[in-house]
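**Q** mmCIF, N, CA and C atoms, file my_file-v1.cif:
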data_structure
#
loop_
_atom_site.label_atom_id
_atom_site.label_comp_id
_atom_site.auth_asym_id
_atom_site.auth_seq_id
_atom_site.Cartn_x
_atom_site.Cartn_y
_atom_site.Cartn_z
N MET A 59 73.28 65.13 174.72
CA MET A 59 74.40 66.02 174.52
C MET A 59 74.78 66.08 173.05
N GLY A 60 74.86 64.94 172.37
CA GLY A 60 75.24 64.90 170.96
C GLY A 60 74.21 65.55 170.06
N SER A 61 72.92 65.41 170.40
CA SER A 61 71.88 65.96 169.54
C SER A 61 71.89 67.49 169.51
N THR A 62 72.24 68.13 170.64
CA THR A 62 72.31 69.59 170.63
C THR A 62 73.49 70.07 169.81
N LYS A 63 74.57 69.31 169.81
CA LYS A 63 75.73 69.67 169.01
C LYS A 63 75.36 69.67 167.53
N PHE A 64 74.68 68.61 167.08
CA PHE A 64 74.25 68.54 165.69
C PHE A 64 73.13 69.53 165.42
N GLY A 65 72.27 69.74 166.39
CA GLY A 65 71.17 70.68 166.23
C GLY A 65 71.67 72.09 165.96
N ASP A 66 72.73 72.49 166.69
CA ASP A 66 73.31 73.81 166.48
C ASP A 66 73.90 73.94 165.09
N LYS A 67 74.59 72.90 164.64
CA LYS A 67 75.19 72.93 163.30
C LYS A 67 74.11 72.93 162.23
N LEU A 68 73.08 72.15 162.42
CA LEU A 68 71.99 72.11 161.43
C LEU A 68 71.25 73.44 161.38
N SER A 69 71.07 74.09 162.52
CA SER A 69 70.37 75.38 162.50
C SER A 69 71.21 76.42 161.77
N THR A 70 72.53 76.38 161.93
CA THR A 70 73.41 77.30 161.21
C THR A 70 73.32 77.04 159.70
N ILE A 71 73.34 75.78 159.32
CA ILE A 71 73.24 75.42 157.90
C ILE A 71 71.88 75.85 157.35
N ASN A 72 70.81 75.59 158.10
CA ASN A 72 69.47 75.97 157.65
C ASN A 72 69.33 77.48 157.49
N GLU A 73 69.94 78.25 158.40
CA GLU A 73 69.91 79.71 158.27
C GLU A 73 70.62 80.15 157.00
N GLY A 74 71.76 79.51 156.70
CA GLY A 74 72.49 79.82 155.47
C GLY A 74 71.70 79.46 154.23
N ILE A 75 71.01 78.33 154.28
CA ILE A 75 70.19 77.90 153.14
C ILE A 75 69.03 78.87 152.94
N GLU A 76 68.41 79.31 154.03
CA GLU A 76 67.30 80.27 153.91
C GLU A 76 67.78 81.58 153.30
N LYS A 77 69.00 81.99 153.66
CA LYS A 77 69.53 83.28 153.19
C LYS A 77 70.05 83.18 151.76
N ASP A 78 70.94 82.22 151.48
CA ASP A 78 71.62 82.12 150.19
C ASP A 78 71.47 80.77 149.52
N GLY A 79 70.46 80.01 149.89
CA GLY A 79 70.31 78.65 149.39
C GLY A 79 70.18 78.54 147.88
N ALA A 80 69.44 79.46 147.28
CA ALA A 80 69.25 79.42 145.83
C ALA A 80 70.58 79.63 145.11
N PHE A 81 71.41 80.54 145.61
CA PHE A 81 72.71 80.79 144.99
C PHE A 81 73.61 79.57 145.10
N TYR A 82 73.65 78.95 146.28
CA TYR A 82 74.49 77.78 146.47
C TYR A 82 74.01 76.61 145.62
N LEU A 83 72.71 76.43 145.55
CA LEU A 83 72.16 75.36 144.72
C LEU A 83 72.49 75.61 143.25
N PHE A 84 72.34 76.85 142.81
CA PHE A 84 72.66 77.19 141.43
C PHE A 84 74.14 76.90 141.15
N SER A 85 75.01 77.28 142.08
CA SER A 85 76.45 77.02 141.91
C SER A 85 76.74 75.53 141.81
N LEU A 86 76.13 74.74 142.68
CA LEU A 86 76.37 73.30 142.67
C LEU A 86 75.82 72.64 141.41
N ARG A 87 74.72 73.15 140.89
CA ARG A 87 74.16 72.60 139.65
C ARG A 87 75.00 73.02 138.45
N LEU A 88 75.48 74.24 138.45
CA LEU A 88 76.27 74.75 137.34
C LEU A 88 77.65 74.10 137.30
N ILE A 89 78.25 73.93 138.45
CA ILE A 89 79.57 73.32 138.55
C ILE A 89 79.38 71.98 139.27
N PRO A 90 79.26 70.91 138.54
CA PRO A 90 78.91 69.63 139.18
C PRO A 90 80.06 69.05 140.01
N ILE A 91 80.28 69.63 141.17
CA ILE A 91 81.32 69.16 142.09
C ILE A 91 80.86 67.89 142.79
N PHE A 92 79.63 67.91 143.27
CA PHE A 92 79.07 66.79 144.00
C PHE A 92 78.03 66.10 143.13
N PRO A 93 77.84 64.79 143.32
CA PRO A 93 76.80 64.10 142.55
C PRO A 93 75.43 64.71 142.83
N PHE A 94 74.60 64.77 141.79
CA PHE A 94 73.29 65.40 141.92
C PHE A 94 72.42 64.70 142.96
N PHE A 95 72.51 63.37 143.07
CA PHE A 95 71.67 62.67 144.05
C PHE A 95 72.00 63.12 145.47
N LEU A 96 73.27 63.41 145.73
CA LEU A 96 73.68 63.87 147.06
C LEU A 96 73.12 65.28 147.33
N ILE A 97 73.18 66.13 146.32
CA ILE A 97 72.63 67.48 146.46
C ILE A 97 71.12 67.39 146.72
N ASN A 98 70.45 66.51 145.97
CA ASN A 98 69.00 66.35 146.15
C ASN A 98 68.67 65.91 147.57
N LEU A 99 69.42 64.96 148.10
CA LEU A 99 69.17 64.48 149.46
C LEU A 99 69.38 65.59 150.49
N LEU A 100 70.48 66.30 150.37
CA LEU A 100 70.79 67.35 151.34
C LEU A 100 69.80 68.51 151.25
N MET A 101 69.43 68.89 150.04
CA MET A 101 68.47 69.98 149.89
C MET A 101 67.07 69.56 150.36
N GLY A 102 66.78 68.26 150.29
CA GLY A 102 65.51 67.76 150.79
C GLY A 102 65.39 67.90 152.30
N LEU A 103 66.53 67.96 152.99
CA LEU A 103 66.55 68.13 154.43
C LEU A 103 66.60 69.60 154.85
N SER A 104 66.72 70.48 153.87
CA SER A 104 66.83 71.90 154.17
C SER A 104 65.47 72.59 154.02
N PRO A 105 65.37 73.84 154.46
CA PRO A 105 64.09 74.54 154.40
C PRO A 105 63.79 75.18 153.03
N ILE A 106 64.55 74.86 151.98
CA ILE A 106 64.30 75.47 150.67
C ILE A 106 62.97 74.97 150.11
N ALA A 107 62.20 75.86 149.51
CA ALA A 107 60.89 75.51 148.96
C ALA A 107 61.07 74.62 147.72
N VAL A 108 60.15 73.71 147.53
CA VAL A 108 60.23 72.78 146.41
C VAL A 108 60.23 73.52 145.07
N SER A 109 59.39 74.53 144.94
CA SER A 109 59.32 75.28 143.68
C SER A 109 60.64 76.00 143.40
N ARG A 110 61.23 76.59 144.42
CA ARG A 110 62.53 77.27 144.25
C ARG A 110 63.62 76.25 143.90
N PHE A 111 63.61 75.11 144.58
CA PHE A 111 64.57 74.04 144.30
C PHE A 111 64.47 73.61 142.84
N TYR A 112 63.25 73.40 142.36
CA TYR A 112 63.05 72.95 140.99
C TYR A 112 63.53 73.99 139.98
N LEU A 113 63.09 75.24 140.14
CA LEU A 113 63.46 76.28 139.17
C LEU A 113 64.96 76.54 139.14
N VAL A 114 65.57 76.65 140.31
CA VAL A 114 67.01 76.91 140.37
C VAL A 114 67.78 75.72 139.80
N SER A 115 67.34 74.51 140.09
CA SER A 115 68.00 73.32 139.56
C SER A 115 67.94 73.30 138.04
N GLN A 116 66.77 73.59 137.48
CA GLN A 116 66.62 73.57 136.02
C GLN A 116 67.51 74.63 135.37
N LEU A 117 67.54 75.82 135.93
CA LEU A 117 68.39 76.88 135.38
C LEU A 117 69.88 76.54 135.50
N GLY A 118 70.26 75.95 136.61
CA GLY A 118 71.66 75.60 136.82
C GLY A 118 72.14 74.45 135.95
N MET A 119 71.24 73.52 135.62
CA MET A 119 71.64 72.36 134.82
C MET A 119 71.55 72.63 133.32
N LEU A 120 70.84 73.67 132.91
CA LEU A 120 70.63 73.93 131.49
C LEU A 120 71.92 74.16 130.69
N PRO A 121 72.85 75.02 131.14
CA PRO A 121 74.07 75.22 130.35
C PRO A 121 74.90 73.94 130.21
N GLY A 122 75.04 73.17 131.27
CA GLY A 122 75.79 71.92 131.20
C GLY A 122 75.13 70.92 130.26
N THR A 123 73.81 70.86 130.28
CA THR A 123 73.08 69.98 129.38
C THR A 123 73.35 70.36 127.93
N ALA A 124 73.36 71.66 127.64
CA ALA A 124 73.63 72.12 126.27
C ALA A 124 75.04 71.73 125.82
N VAL A 125 76.02 71.85 126.71
CA VAL A 125 77.39 71.50 126.36
C VAL A 125 77.50 69.99 126.11
N TYR A 126 76.92 69.17 126.96
CA TYR A 126 76.96 67.72 126.77
C TYR A 126 76.20 67.31 125.51
N LEU A 127 75.08 67.95 125.25
CA LEU A 127 74.30 67.66 124.06
C LEU A 127 75.10 67.97 122.80
N ASN A 128 75.79 69.10 122.79
CA ASN A 128 76.63 69.47 121.66
C ASN A 128 77.73 68.44 121.44
N ALA A 129 78.40 68.04 122.51
CA ALA A 129 79.48 67.05 122.38
C ALA A 129 78.94 65.72 121.86
N GLY A 130 77.81 65.29 122.37
CA GLY A 130 77.22 64.03 121.92
C GLY A 130 76.80 64.09 120.46
N THR A 131 76.26 65.21 120.04
CA THR A 131 75.85 65.38 118.64
C THR A 131 77.06 65.32 117.72
N GLN A 132 78.13 65.97 118.12
CA GLN A 132 79.35 65.95 117.30
C GLN A 132 79.94 64.54 117.22
N LEU A 133 79.92 63.81 118.32
CA LEU A 133 80.45 62.44 118.31
C LEU A 133 79.59 61.52 117.45
N ALA A 134 78.30 61.75 117.45
CA ALA A 134 77.39 60.91 116.66
C ALA A 134 77.60 61.12 115.16
N GLN A 135 78.16 62.24 114.77
CA GLN A 135 78.36 62.53 113.35
C GLN A 135 79.68 61.99 112.81
N ILE A 136 80.49 61.38 113.66
CA ILE A 136 81.78 60.83 113.21
C ILE A 136 81.50 59.56 112.40
N ASP A 137 82.04 59.53 111.18
CA ASP A 137 81.84 58.34 110.35
C ASP A 137 83.15 57.62 110.02
N SER A 138 84.27 58.18 110.48
CA SER A 138 85.56 57.53 110.27
C SER A 138 86.50 57.91 111.42
N LEU A 139 87.60 57.21 111.49
CA LEU A 139 88.58 57.49 112.53
C LEU A 139 89.15 58.90 112.39
N ALA A 140 89.26 59.39 111.17
CA ALA A 140 89.78 60.74 110.93
C ALA A 140 88.81 61.80 111.46
N GLY A 141 87.53 61.46 111.60
CA GLY A 141 86.55 62.41 112.09
C GLY A 141 86.76 62.81 113.53
N ILE A 142 87.51 62.01 114.26
CA ILE A 142 87.78 62.31 115.67
C ILE A 142 88.58 63.60 115.81
N VAL A 143 89.43 63.89 114.84
CA VAL A 143 90.27 65.09 114.92
C VAL A 143 89.70 66.25 114.10
N SER A 144 88.43 66.19 113.76
CA SER A 144 87.83 67.30 113.02
C SER A 144 87.71 68.51 113.96
N PRO A 145 87.75 69.70 113.40
CA PRO A 145 87.69 70.91 114.25
C PRO A 145 86.43 70.98 115.12
N THR A 146 85.28 70.55 114.62
CA THR A 146 84.06 70.64 115.43
C THR A 146 84.09 69.69 116.61
N VAL A 147 84.64 68.48 116.42
CA VAL A 147 84.72 67.53 117.53
C VAL A 147 85.73 68.02 118.57
N ILE A 148 86.86 68.52 118.11
CA ILE A 148 87.87 69.04 119.03
C ILE A 148 87.31 70.26 119.78
N ALA A 149 86.59 71.13 119.08
CA ALA A 149 85.99 72.29 119.74
C ALA A 149 84.97 71.85 120.79
N SER A 150 84.21 70.80 120.51
CA SER A 150 83.24 70.30 121.48
C SER A 150 83.94 69.78 122.73
N PHE A 151 85.05 69.06 122.55
CA PHE A 151 85.79 68.55 123.70
C PHE A 151 86.43 69.70 124.49
N VAL A 152 86.92 70.70 123.81
CA VAL A 152 87.49 71.87 124.49
C VAL A 152 86.40 72.57 125.30
N LEU A 153 85.23 72.76 124.68
CA LEU A 153 84.10 73.38 125.38
C LEU A 153 83.69 72.56 126.59
N LEU A 154 83.66 71.25 126.43
CA LEU A 154 83.31 70.35 127.54
C LEU A 154 84.31 70.47 128.68
N GLY A 155 85.60 70.60 128.36
CA GLY A 155 86.63 70.74 129.39
C GLY A 155 86.66 72.11 130.04
N LEU A 156 86.38 73.14 129.26
CA LEU A 156 86.43 74.50 129.79
C LEU A 156 85.18 74.90 130.56
N PHE A 157 84.07 74.26 130.29
CA PHE A 157 82.80 74.66 130.90
C PHE A 157 82.87 74.73 132.43
N PRO A 158 83.34 73.68 133.13
CA PRO A 158 83.39 73.80 134.60
C PRO A 158 84.33 74.91 135.09
N ILE A 159 85.43 75.10 134.38
CA ILE A 159 86.40 76.13 134.78
C ILE A 159 85.81 77.52 134.61
N VAL A 160 85.18 77.76 133.46
CA VAL A 160 84.57 79.06 133.20
C VAL A 160 83.40 79.30 134.16
N SER A 161 82.61 78.27 134.41
CA SER A 161 81.48 78.40 135.34
C SER A 161 81.95 78.78 136.73
N LYS A 162 83.01 78.12 137.19
CA LYS A 162 83.54 78.42 138.51
C LYS A 162 84.08 79.85 138.57
N TRP A 163 84.75 80.28 137.52
CA TRP A 163 85.28 81.64 137.48
C TRP A 163 84.15 82.66 137.54
N ILE A 164 83.09 82.42 136.77
CA ILE A 164 81.94 83.34 136.77
C ILE A 164 81.29 83.38 138.15
N MET A 165 81.10 82.22 138.77
CA MET A 165 80.47 82.18 140.09
C MET A 165 81.34 82.89 141.13
N ASN A 166 82.67 82.77 141.03
CA ASN A 166 83.55 83.49 141.95
C ASN A 166 83.44 85.00 141.75
N LYS A 167 83.32 85.44 140.50
CA LYS A 167 83.17 86.87 140.22
C LYS A 167 81.85 87.39 140.80
N ILE A 168 80.78 86.61 140.63
CA ILE A 168 79.48 87.01 141.16
C ILE A 168 79.52 87.07 142.68
N ARG A 169 80.17 86.09 143.30
CA ARG A 169 80.24 86.02 144.76
C ARG A 169 81.05 87.19 145.32
N LYS A 170 82.07 87.66 144.60
CA LYS A 170 82.92 88.75 145.09
C LYS A 170 82.32 90.13 144.84
N THR A 171 81.27 90.20 144.01
CA THR A 171 80.62 91.47 143.73
C THR A 171 79.98 91.99 145.01
N PRO A 172 80.34 93.21 145.41
CA PRO A 172 79.75 93.75 146.66
C PRO A 172 78.26 94.01 146.47
N THR A 173 77.50 93.64 147.47
CA THR A 173 76.06 93.90 147.43
C THR A 173 75.75 95.05 148.38
N THR A 174 74.83 95.87 147.98
CA THR A 174 74.43 96.98 148.83
C THR A 174 73.17 96.58 149.58
N GLN A 175 73.14 96.93 150.84
CA GLN A 175 71.98 96.62 151.66
C GLN A 175 71.32 97.92 152.06
N GLU A 176 69.99 97.90 151.95
CA GLU A 176 69.26 99.08 152.36
C GLU A 176 68.97 98.99 153.86
N GLY A 177 68.92 100.08 154.49
CA GLY A 177 68.53 100.03 155.89
C GLY A 177 69.26 101.02 156.64
#
Show the structure stored in the file as structure tokens.

**A**
Amino acid sequence: MGSTKFGDKLSTINEGIEKDGAFYLFSLRLIPIFPFFLINLLMGLSPIAVSRFYLVSQLGMLPGTAVYLNAGTQLAQIDSLAGIVSPTVIASFVLLGLFPIVSKWIMNKIRKTPTTQEG
């Protein structure tokens, strides 16, 4: 009895992953709400193709990697306590803080865009 209950829920999830899985994966990679290891485990149980998982993951993680790389580079260039309040370091921290907010806003705009279906 319990297995059919979970089976029904898993089939619904799998259907959603087959239909919009790449978009959801991209959103989760772009906006790191959940730890990546958890996303990897759950997507490994879904019907998404390995090649699609890899490409979408790389594209989704690229902007965040660039923001973190910029912040780390700016921090590495600090040579005194006064360097912490330099405009470039402050801008890097602002960018680091705004990145998830802007990413979520963009993803919400994309999700609300009406799609036309042929048929």

**Q** How close does segment 93-163 of chain A get to segment 80-85 of chain A? List, as a tab-separated table, each residue of segment 93-163 of chain A within 6.5 Å, its nearest atom pair and the distance in Å to one decimal, counting all atoms listed in the file.

**A**
residue	atom	partner	partner_atom	distance
A:Val114	C	A:Phe84	CA	5.4
A:Ser115	N	A:Phe84	CA	6.1
A:Gly118	CA	A:Phe84	CA	5.0

**Q** Here's the selection I'm unsure about, the PyMOL selection byres (((chain A and resi 133 and name CA) around 10) and name CA); applied to the file above, which residues does it give, as a ChimeraX atom specification?

**A** /A:127-132,134-137,141-142,146-148,150-151

**Q** Write out, as a Markdown table, each residue of segment 87-107 of chain A that has an atom at most 12 Å from segment 163-169 of chain A, together with the closest pair of atoms and their distance in Å to one decimal, counting only C-alpha atoms, rows going by chain and rising number.

**A**
| residue | atom | partner | partner_atom | distance |
| --- | --- | --- | --- | --- |
| A:Arg87 | CA | A:Met165 | CA | 11.5 |
| A:Leu88 | CA | A:Met165 | CA | 9.0 |
| A:Ile89 | CA | A:Met165 | CA | 9.0 |

**Q** Separation of atom CA of Thr171 of chain A and atom CA of Asp78 of chain A, in Å?

**A** 14.5 Å

**Q** What gap, in Å, lies between atom CA of Asn72 of chain A and atom CA of Leu103 of chain A?

**A**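 Value for the atom CA of Asn72 of chain A-atom CA of Leu103 of chain A distance: 9.0 Å.
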
**Q** Could you pull out the helix (DSSP H, G or I) residues of segment 68-177 of chain A from DSSP and send them as a ChimeraX atom specification?

**A** /A:68-88,94-102,108-134,139-143,145-170

**Q** Which is closer to Phe157 of chain A than all the others in A:Pro145, A:Pro105, A:Pro90, A:Ile97, using only C-alpha atoms?

**A** A:Pro90

**Q** Quick one: pull the distance between atom N of Ile106 of chain A and atom C of Lys170 of chain A, Å, one decimal.

**A**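 Computed distance, atom N of Ile106 of chain A to atom C of Lys170 of chain A, equals 24.5 Å.
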